[in-house]
file my_file.cif (mmCIF, C-alpha atoms)
data_upload
loop_
_atom_site.group_PDB
_atom_site.id
_atom_site.type_symbol
_atom_site.label_atom_id
_atom_site.label_comp_id
_atom_site.auth_asym_id
_atom_site.auth_seq_id
_atom_site.Cartn_x
_atom_site.Cartn_y
_atom_site.Cartn_z
ATOM 1 C CA MET A 526 4.485 -38.659 -5.164
ATOM 2 C CA THR A 527 0.971 -39.467 -3.985
ATOM 3 C CA LYS A 528 -0.823 -42.039 -6.117
ATOM 4 C CA GLY A 529 -4.535 -42.189 -6.802
ATOM 5 C CA VAL A 530 -7.041 -39.494 -5.941
ATOM 6 C CA GLN A 531 -7.216 -37.665 -2.616
ATOM 7 C CA PHE A 532 -9.691 -35.138 -1.235
ATOM 8 C CA ILE A 533 -8.266 -33.000 1.586
ATOM 9 C CA HIS A 534 -10.490 -30.531 3.449
ATOM 10 C CA ARG A 535 -9.342 -27.518 5.420
ATOM 11 C CA TRP A 536 -12.405 -26.291 7.290
ATOM 12 C CA GLU A 537 -12.829 -22.591 8.053
ATOM 13 C CA THR A 538 -13.981 -23.296 11.618
ATOM 14 C CA ARG A 539 -12.823 -25.982 14.007
ATOM 15 C CA ALA A 540 -16.340 -27.084 14.996
ATOM 16 C CA PRO A 541 -19.329 -26.998 12.643
ATOM 17 C CA GLU A 542 -22.031 -24.493 13.550
ATOM 18 C CA GLY A 543 -24.710 -22.331 11.991
ATOM 19 C CA THR A 544 -26.170 -23.185 8.622
ATOM 20 C CA ALA A 545 -25.117 -26.019 6.357
ATOM 21 C CA ALA A 546 -23.200 -23.526 4.231
ATOM 22 C CA GLN A 547 -21.400 -22.035 7.231
ATOM 23 C CA ALA A 548 -20.557 -25.424 8.740
ATOM 24 C CA THR A 549 -19.004 -26.759 5.519
ATOM 25 C CA ARG A 550 -17.141 -23.645 4.428
ATOM 26 C CA GLY A 551 -13.475 -24.213 3.799
ATOM 27 C CA GLN A 552 -11.006 -25.264 1.177
ATOM 28 C CA LEU A 553 -10.817 -28.553 -0.663
ATOM 29 C CA GLU A 554 -7.634 -29.757 -2.245
ATOM 30 C CA VAL A 555 -7.958 -32.526 -4.817
ATOM 31 C CA ILE A 556 -4.777 -34.363 -5.695
ATOM 32 C CA LEU A 557 -4.739 -36.718 -8.674
ATOM 33 C CA GLU A 558 -1.627 -38.829 -9.116
ATOM 34 C CA GLY A 559 0.448 -36.220 -7.288
ATOM 35 C CA HIS A 560 -0.967 -33.250 -9.248
ATOM 36 C CA VAL A 561 -3.104 -30.668 -7.460
ATOM 37 C CA VAL A 562 -6.208 -30.213 -9.630
ATOM 38 C CA TRP A 563 -8.256 -28.181 -7.097
ATOM 39 C CA PRO A 564 -7.654 -25.438 -6.145
ATOM 40 C CA ILE A 565 -5.787 -24.002 -9.056
ATOM 41 C CA GLY A 566 -2.688 -21.940 -8.323
ATOM 42 C CA ASN A 567 -2.511 -20.174 -4.977
ATOM 43 C CA SER A 568 -6.264 -19.842 -4.537
ATOM 44 C CA ASN A 569 -7.351 -19.019 -0.997
ATOM 45 C CA GLU A 570 -11.033 -19.159 -1.895
ATOM 46 C CA THR A 571 -13.278 -20.959 0.547
ATOM 47 C CA TRP A 572 -16.535 -22.590 -0.410
ATOM 48 C CA PRO A 573 -19.624 -24.127 1.235
ATOM 49 C CA TRP A 574 -18.987 -27.782 0.395
ATOM 50 C CA VAL A 575 -22.553 -28.790 1.243
ATOM 51 C CA GLU A 576 -23.192 -28.024 -2.449
ATOM 52 C CA LEU A 577 -20.758 -30.715 -3.500
ATOM 53 C CA LEU A 578 -22.387 -33.191 -1.099
ATOM 54 C CA GLU A 579 -25.802 -32.420 -2.606
ATOM 55 C CA HIS A 580 -24.394 -32.972 -6.107
ATOM 56 C CA LEU A 581 -22.706 -36.235 -5.135
ATOM 57 C CA SER A 582 -25.913 -37.495 -3.532
ATOM 58 C CA SER A 583 -28.058 -36.672 -6.555
ATOM 59 C CA CYS A 584 -25.570 -38.129 -9.066
ATOM 60 C CA TRP A 585 -24.428 -41.125 -7.043
ATOM 61 C CA GLY A 586 -26.398 -43.681 -9.049
ATOM 62 C CA TYR A 587 -24.900 -42.410 -12.303
ATOM 63 C CA LEU A 588 -21.355 -42.350 -10.925
ATOM 64 C CA VAL A 589 -21.648 -45.882 -9.574
ATOM 65 C CA LYS A 590 -23.722 -47.608 -12.269
ATOM 66 C CA GLU A 591 -23.043 -45.821 -15.555
ATOM 67 C CA THR A 592 -20.062 -47.342 -17.260
ATOM 68 C CA GLY A 593 -17.927 -46.081 -20.081
ATOM 69 C CA LEU A 594 -16.374 -42.788 -20.999
ATOM 70 C CA ASP A 595 -18.652 -41.680 -23.777
ATOM 71 C CA PRO A 596 -22.381 -42.165 -24.470
ATOM 72 C CA LEU A 597 -21.880 -41.138 -28.115
ATOM 73 C CA GLY A 598 -19.075 -43.628 -28.791
ATOM 74 C CA LEU A 599 -16.626 -40.984 -30.032
ATOM 75 C CA GLY A 600 -13.665 -42.242 -27.977
ATOM 76 C CA GLY A 601 -10.776 -40.134 -26.796
ATOM 77 C CA SER A 602 -10.344 -38.012 -23.710
ATOM 78 C CA PRO A 603 -13.460 -37.065 -21.714
ATOM 79 C CA VAL A 604 -12.083 -33.533 -21.290
ATOM 80 C CA THR A 605 -12.353 -32.896 -25.035
ATOM 81 C CA LEU A 606 -15.541 -34.895 -25.599
ATOM 82 C CA TRP A 607 -17.850 -31.901 -25.978
ATOM 83 C CA LYS A 608 -15.497 -30.225 -28.486
ATOM 84 C CA ARG A 609 -15.265 -33.384 -30.596
ATOM 85 C CA ALA A 610 -19.026 -33.905 -30.497
ATOM 86 C CA ASP A 611 -19.587 -30.284 -31.509
ATOM 87 C CA GLU A 612 -17.350 -30.778 -34.540
ATOM 88 C CA LEU A 613 -19.435 -33.822 -35.544
ATOM 89 C CA TRP A 614 -22.695 -31.928 -35.036
ATOM 90 C CA HIS A 615 -21.597 -29.229 -37.463
ATOM 91 C CA THR A 616 -21.251 -31.619 -40.389
ATOM 92 C CA ASP A 617 -23.951 -32.301 -42.962
ATOM 93 C CA SER A 618 -24.167 -35.958 -41.916
ATOM 94 C CA ILE A 619 -26.348 -35.299 -38.870
ATOM 95 C CA SER A 620 -29.869 -33.884 -38.640
ATOM 96 C CA ASP A 621 -30.818 -31.019 -36.329
ATOM 97 C CA ALA A 622 -33.118 -33.331 -34.365
ATOM 98 C CA GLN A 623 -30.356 -35.894 -33.847
ATOM 99 C CA ARG A 624 -27.910 -33.147 -32.869
ATOM 100 C CA GLU A 625 -30.350 -31.827 -30.256
ATOM 101 C CA ARG A 626 -30.921 -35.330 -28.816
ATOM 102 C CA GLU A 627 -27.190 -35.987 -28.643
ATOM 103 C CA GLU A 628 -26.493 -32.563 -27.100
ATOM 104 C CA ASP A 629 -29.044 -33.249 -24.345
ATOM 105 C CA LEU A 630 -27.655 -36.750 -23.767
ATOM 106 C CA LEU A 631 -24.044 -35.574 -23.618
ATOM 107 C CA GLN A 632 -24.807 -32.537 -21.478
ATOM 108 C CA GLY A 633 -26.631 -34.680 -18.912
ATOM 109 C CA TYR A 634 -23.918 -37.313 -18.969
ATOM 110 C CA LEU A 635 -21.092 -34.841 -18.427
ATOM 111 C CA ARG A 636 -23.020 -32.926 -15.749
ATOM 112 C CA THR A 637 -23.521 -36.044 -13.644
ATOM 113 C CA HIS A 638 -19.865 -37.079 -13.900
ATOM 114 C CA ASP A 639 -18.260 -33.675 -13.279
ATOM 115 C CA LEU A 640 -17.698 -32.793 -9.627
ATOM 116 C CA ALA A 641 -17.324 -29.112 -10.587
ATOM 117 C CA GLU A 642 -21.043 -29.118 -11.417
ATOM 118 C CA GLY A 643 -21.621 -29.319 -7.668
ATOM 119 C CA LEU A 644 -20.139 -25.873 -7.121
ATOM 120 C CA ARG A 645 -22.790 -23.356 -8.040
ATOM 121 C CA GLY A 646 -21.642 -19.776 -8.390
ATOM 122 C CA THR A 647 -17.939 -20.342 -8.850
ATOM 123 C CA ILE A 648 -15.773 -21.373 -11.725
ATOM 124 C CA ALA A 649 -13.948 -24.559 -10.903
ATOM 125 C CA PRO A 650 -12.135 -26.694 -13.435
ATOM 126 C CA SER A 651 -13.957 -29.841 -14.430
ATOM 127 C CA LEU A 652 -13.084 -32.997 -12.544
ATOM 128 C CA TYR A 653 -14.681 -35.961 -14.291
ATOM 129 C CA ILE A 654 -15.115 -39.423 -12.822
ATOM 130 C CA PHE A 655 -16.119 -42.268 -15.123
ATOM 131 C CA ARG A 656 -16.502 -45.875 -14.092
ATOM 132 C CA ASP A 657 -15.602 -48.632 -16.503
ATOM 133 C CA GLY A 658 -16.151 -51.982 -14.799
ATOM 134 C CA ASP A 659 -13.572 -52.445 -12.057
ATOM 135 C CA GLN A 660 -11.615 -49.403 -13.249
ATOM 136 C CA ALA A 661 -12.289 -45.668 -13.241
ATOM 137 C CA THR A 662 -10.949 -42.741 -15.179
ATOM 138 C CA VAL A 663 -10.488 -39.563 -13.177
ATOM 139 C CA THR A 664 -9.596 -36.620 -15.362
ATOM 140 C CA SER A 665 -9.186 -32.861 -15.313
ATOM 141 C CA ASP A 666 -7.569 -30.321 -17.583
ATOM 142 C CA THR A 667 -4.198 -30.944 -15.912
ATOM 143 C CA ALA A 668 -4.141 -34.642 -15.010
ATOM 144 C CA GLU A 669 -5.719 -37.957 -15.895
ATOM 145 C CA ALA A 670 -5.474 -41.325 -14.199
ATOM 146 C CA ARG A 671 -6.867 -44.792 -14.653
ATOM 147 C CA LEU A 672 -7.467 -46.156 -11.155
ATOM 148 C CA SER A 673 -9.239 -49.025 -9.493
ATOM 149 C CA TRP A 674 -12.963 -48.374 -9.105
ATOM 150 C CA VAL A 675 -12.812 -49.497 -5.473
ATOM 151 C CA GLU A 676 -10.147 -46.862 -4.735
ATOM 152 C CA VAL A 677 -12.140 -44.077 -6.430
ATOM 153 C CA HIS A 678 -15.404 -45.217 -4.840
ATOM 154 C CA ASP A 679 -13.807 -45.242 -1.386
ATOM 155 C CA ALA A 680 -12.322 -41.774 -1.946
ATOM 156 C CA LEU A 681 -15.735 -40.413 -2.980
ATOM 157 C CA VAL A 682 -17.424 -42.049 0.012
ATOM 158 C CA GLY A 683 -14.765 -40.511 2.255
ATOM 159 C CA LEU A 684 -15.317 -37.093 0.666
ATOM 160 C CA GLY A 685 -19.067 -37.295 1.169
ATOM 161 C CA ALA A 686 -18.686 -38.598 4.718
ATOM 162 C CA SER A 687 -16.291 -35.799 5.702
ATOM 163 C CA ILE A 688 -18.782 -33.169 4.537
ATOM 164 C CA CYS A 689 -21.715 -35.056 6.042
ATOM 165 C CA ASP A 690 -19.936 -35.269 9.413
ATOM 166 C CA ARG A 691 -19.933 -31.455 9.550
ATOM 167 C CA LEU A 692 -23.727 -31.427 9.111
ATOM 168 C CA THR A 693 -24.935 -34.320 11.266
ATOM 169 C CA ASP A 694 -25.642 -32.388 14.474
ATOM 170 C CA LEU A 695 -27.060 -29.240 12.871
ATOM 171 C CA ALA A 696 -30.753 -28.334 13.011
ATOM 172 C CA ASP A 697 -30.561 -26.331 9.771
ATOM 173 C CA PRO A 698 -33.132 -27.787 7.306
ATOM 174 C CA ARG A 699 -30.607 -27.833 4.478
ATOM 175 C CA ALA A 700 -28.149 -29.761 6.650
ATOM 176 C CA VAL A 701 -30.826 -32.288 7.639
ATOM 177 C CA GLU A 702 -31.840 -32.763 3.989
ATOM 178 C CA ALA A 703 -28.223 -33.074 2.795
ATOM 179 C CA VAL A 704 -27.463 -35.728 5.424
ATOM 180 C CA ALA A 705 -30.650 -37.647 4.546
ATOM 181 C CA SER A 706 -29.832 -37.489 0.826
ATOM 182 C CA TRP A 707 -26.271 -38.675 1.381
ATOM 183 C CA ASN A 708 -27.391 -41.505 3.648
ATOM 184 C CA GLY A 709 -30.049 -42.530 1.091
ATOM 185 C CA ARG A 710 -27.842 -42.198 -1.984
ATOM 186 C CA VAL A 711 -27.676 -45.948 -2.619
ATOM 187 C CA GLN A 712 -31.445 -46.186 -3.099
#
call {"tool": "encode", "arguments": {"input": "my_file.cif", "output": "structure tokens"}}
result
Amino acid sequence: MTKGVQFIHRWETRAPEGTAAQATRGQLEVILEGHVVWPIGNSNETWPWVELLEHLSSCWGYLVKETGLDPLGLGGSPVTLWKRADELWHTDSISDAQREREEDLLQGYLRTHDLAEGLRGTIAPSLYIFRDGDQATVTSDTAEARLSWVEVHDALVGLGASICDRLTDLADPRAVEAVASWNGRVQ
């Protein structure tokens, strides 16, 4: 059984060409502690993974620097965090204004830590990554693992680099921008 988290691409074309979307179209298999969490079932769907690279680039600072599993301090699994928060918000002990602030905070937090948010126009199961010091929690509906942050960080860098490599020699403006964003993600 494979340990940790792995991202395995199967590109639609051997050599990247055309637009950023065309060059990065393919399948991505995500394996977490031996469990396939993407794609689900026997899905043969392909996707333009430039979208995921753009999401990773824009959220990189949050993934790397934000620590903890829960900005509201509710505890428990990140997968059920929204449901538990919603139950709290529907009690008499919280004002509408506080509920709205917490909803915005939680929505932003979850969006930046969910790789599925980088796939516009398709329904992919959530795949959350949360750093907690030198550890990380990687969780989906079907699997959860507590891994070393270095291992998760390196896997994410490898994922971004594999997509970026498909874009590097393209003249497409989106490809150029995606490469620049990925290369500047640390700033």
call {"tool": "residues_near_point", "arguments": {"input": "my_file.cif", "point": "(-29.8, -34.2, 1.3)", "cutoff": "10 Å", "atoms": "only C-alpha atoms", "output": "PDB file with C-alpha atoms, in the coordinates of the input"}}
result
ATOM      1  CA  VAL A 575     -22.553 -28.790   1.243  1.00  0.00           C
ATOM      2  CA  GLU A 576     -23.192 -28.024  -2.449  1.00  0.00           C
ATOM      3  CA  LEU A 578     -22.387 -33.191  -1.099  1.00  0.00           C
ATOM      4  CA  GLU A 579     -25.802 -32.420  -2.606  1.00  0.00           C
ATOM      5  CA  HIS A 580     -24.394 -32.972  -6.107  1.00  0.00           C
ATOM      6  CA  LEU A 581     -22.706 -36.235  -5.135  1.00  0.00           C
ATOM      7  CA  SER A 582     -25.913 -37.495  -3.532  1.00  0.00           C
ATOM      8  CA  SER A 583     -28.058 -36.672  -6.555  1.00  0.00           C
ATOM      9  CA  CYS A 689     -21.715 -35.056   6.042  1.00  0.00           C
ATOM     10  CA  PRO A 698     -33.132 -27.787   7.306  1.00  0.00           C
ATOM     11  CA  ARG A 699     -30.607 -27.833   4.478  1.00  0.00           C
ATOM     12  CA  ALA A 700     -28.149 -29.761   6.650  1.00  0.00           C
ATOM     13  CA  VAL A 701     -30.826 -32.288   7.639  1.00  0.00           C
ATOM     14  CA  GLU A 702     -31.840 -32.763   3.989  1.00  0.00           C
ATOM     15  CA  ALA A 703     -28.223 -33.074   2.795  1.00  0.00           C
ATOM     16  CA  VAL A 704     -27.463 -35.728   5.424  1.00  0.00           C
ATOM     17  CA  ALA A 705     -30.650 -37.647   4.546  1.00  0.00           C
ATOM     18  CA  SER A 706     -29.832 -37.489   0.826  1.00  0.00           C
ATOM     19  CA  TRP A 707     -26.271 -38.675   1.381  1.00  0.00           C
ATOM     20  CA  ASN A 708     -27.391 -41.505   3.648  1.00  0.00           C
ATOM     21  CA  GLY A 709     -30.049 -42.530   1.091  1.00  0.00           C
ATOM     22  CA  ARG A 710     -27.842 -42.198  -1.984  1.00  0.00           C
TER      23      ARG A 710
END
call {"tool": "atom_distance", "arguments": {"input": "my_file.cif", "atom1": "atom CA of A:Leu630", "atom2": "atom CA of A:Gly601"}}
result
17.5 Å
call {"tool": "axis_aligned_box", "arguments": {"input": "my_file.cif", "around": "stretch 604-608 of chain A", "padding_each_side": "5 Å", "output": "lines of an AutoDock Vina configuration file"}}
result
center_x = -15.0
center_y = -32.6
center_z = -24.9
size_x = 15.8
size_y = 14.7
size_z = 17.2
call {"tool": "atom_distance", "arguments": {"input": "my_file.cif", "atom1": "atom CA of A:Val555", "atom2": "atom CA of A:Val530"}}
result
7.1 Å
call {"tool": "resolve_selection", "arguments": {"input": "my_file.cif", "expression": "the PyMOL selection byres ((chain A and resi 656-660) around 6)", "output": "JSON, numbers by chain"}}
result
{"A": [592, 593, 655, 661, 672, 673, 674]}
call {"tool": "atom_distance", "arguments": {"input": "my_file.cif", "atom1": "atom CA of A:His560", "atom2": "atom CA of A:Gly586"}}
result
27.5 Å
call {"tool": "resolve_selection", "arguments": {"input": "my_file.cif", "expression": "the PyMOL selection byres ((chain A and resi 645) around 10)", "output": "MDAnalysis selection string"}}
result
chainID A and resid 572:573 576:577 580 641:644 646:649
call {"tool": "resolve_selection", "arguments": {"input": "my_file.cif", "expression": "the PyMOL selection byres ((chain A and resi 687) around 12)", "output": "list in words"}}
result
Phe532, Ile533, His534, Arg535, Trp536, Pro541, Ala548, Thr549, Leu553, Trp574, Val575, Leu577, Leu578, Ala680, Leu681, Val682, Gly683, Leu684, Gly685, Ala686, Ile688, Cys689, Asp690, Arg691, Leu692, Thr693, Val704 and Trp707 of chain A
call {"tool": "closest_residue", "arguments": {"input": "my_file.cif", "among": "A:Thr662, A:Glu554, A:Arg539, A:Lys608", "to": "A:Val675", "atoms": "all atoms listed in the file"}}
result
A:Thr662
call {"tool": "residues_around", "arguments": {"input": "my_file.cif", "residues": "A:Leu597", "least_positions_apart": "6", "cutoff": "12 Å", "atoms": "only C-alpha atoms", "output": "ChimeraX atom specification"}}
result
/A:603,606-607,609-611,613-614,623-624,626-632,634-635
call {"tool": "write_last_selection", "arguments": {"input": "my_file.cif", "atoms": "C-alpha atoms", "output": "CSV table (one decimal), in the frame of the given file"}}
result
chain,number,residue,atom,x,y,z
A,603,PRO,CA,-13.5,-37.1,-21.7
A,606,LEU,CA,-15.5,-34.9,-25.6
A,607,TRP,CA,-17.8,-31.9,-26.0
A,609,ARG,CA,-15.3,-33.4,-30.6
A,610,ALA,CA,-19.0,-33.9,-30.5
A,611,ASP,CA,-19.6,-30.3,-31.5
A,613,LEU,CA,-19.4,-33.8,-35.5
A,614,TRP,CA,-22.7,-31.9,-35.0
A,623,GLN,CA,-30.4,-35.9,-33.8
A,624,ARG,CA,-27.9,-33.1,-32.9
A,626,ARG,CA,-30.9,-35.3,-28.8
A,627,GLU,CA,-27.2,-36.0,-28.6
A,628,GLU,CA,-26.5,-32.6,-27.1
A,629,ASP,CA,-29.0,-33.2,-24.3
A,630,LEU,CA,-27.7,-36.8,-23.8
A,631,LEU,CA,-24.0,-35.6,-23.6
A,632,GLN,CA,-24.8,-32.5,-21.5
A,634,TYR,CA,-23.9,-37.3,-19.0
A,635,LEU,CA,-21.1,-34.8,-18.4
call {"tool": "closest_residue", "arguments": {"input": "my_file.cif", "among": "A:Lys528, A:Leu557, A:Tyr653, A:Thr538", "to": "A:Thr605", "atoms": "all atoms listed in the file"}}
result
A:Tyr653
call {"tool": "closest_residue", "arguments": {"input": "my_file.cif", "among": "A:Ala540, A:Val561, A:Val589, A:Val604", "to": "A:Gln712", "atoms": "all atoms listed in the file"}}
result
A:Val589
call {"tool": "build_atoms", "arguments": {"input": "my_file.cif", "residues": "stretch 680-693 of chain A", "atoms": "N, CA and C atoms", "output": "mmCIF file, keeping the file's coordinate frame"}}
result
data_model
loop_
_atom_site.group_PDB
_atom_site.id
_atom_site.type_symbol
_atom_site.label_atom_id
_atom_site.label_comp_id
_atom_site.auth_asym_id
_atom_site.auth_seq_id
_atom_site.Cartn_x
_atom_site.Cartn_y
_atom_site.Cartn_z
ATOM 1 N N ALA A 680 -12.696 -43.187 -2.081
ATOM 2 C CA ALA A 680 -12.322 -41.774 -1.946
ATOM 3 C C ALA A 680 -13.557 -40.881 -1.997
ATOM 4 N N LEU A 681 -14.494 -41.189 -2.891
ATOM 5 C CA LEU A 681 -15.735 -40.413 -2.980
ATOM 6 C C LEU A 681 -16.592 -40.580 -1.725
ATOM 7 N N VAL A 682 -16.675 -41.809 -1.223
ATOM 8 C CA VAL A 682 -17.424 -42.049 0.012
ATOM 9 C C VAL A 682 -16.781 -41.275 1.160
ATOM 10 N N GLY A 683 -15.464 -41.271 1.223
ATOM 11 C CA GLY A 683 -14.765 -40.511 2.255
ATOM 12 C C GLY A 683 -15.010 -39.021 2.135
ATOM 13 N N LEU A 684 -15.029 -38.514 0.901
ATOM 14 C CA LEU A 684 -15.317 -37.093 0.666
ATOM 15 C C LEU A 684 -16.715 -36.754 1.163
ATOM 16 N N GLY A 685 -17.694 -37.537 0.738
ATOM 17 C CA GLY A 685 -19.067 -37.295 1.169
ATOM 18 C C GLY A 685 -19.221 -37.402 2.674
ATOM 19 N N ALA A 686 -18.583 -38.394 3.264
ATOM 20 C CA ALA A 686 -18.686 -38.598 4.718
ATOM 21 C C ALA A 686 -18.061 -37.438 5.485
ATOM 22 N N SER A 687 -16.942 -36.904 4.984
ATOM 23 C CA SER A 687 -16.291 -35.799 5.702
ATOM 24 C C SER A 687 -17.163 -34.547 5.695
ATOM 25 N N ILE A 688 -17.863 -34.313 4.598
ATOM 26 C CA ILE A 688 -18.782 -33.169 4.537
ATOM 27 C C ILE A 688 -20.002 -33.461 5.399
ATOM 28 N N CYS A 689 -20.529 -34.653 5.284
ATOM 29 C CA CYS A 689 -21.715 -35.056 6.042
ATOM 30 C C CYS A 689 -21.460 -34.964 7.550
ATOM 31 N N ASP A 690 -20.280 -35.340 7.991
ATOM 32 C CA ASP A 690 -19.936 -35.269 9.413
ATOM 33 C C ASP A 690 -20.066 -33.847 9.959
ATOM 34 N N ARG A 691 -19.817 -32.852 9.114
ATOM 35 C CA ARG A 691 -19.933 -31.455 9.550
ATOM 36 C C ARG A 691 -21.396 -31.038 9.701
ATOM 37 N N LEU A 692 -22.314 -31.805 9.136
ATOM 38 C CA LEU A 692 -23.727 -31.427 9.111
ATOM 39 C C LEU A 692 -24.597 -32.221 10.084
ATOM 40 N N THR A 693 -24.120 -33.353 10.532
ATOM 41 C CA THR A 693 -24.935 -34.320 11.266
ATOM 42 C C THR A 693 -25.656 -33.740 12.476
#
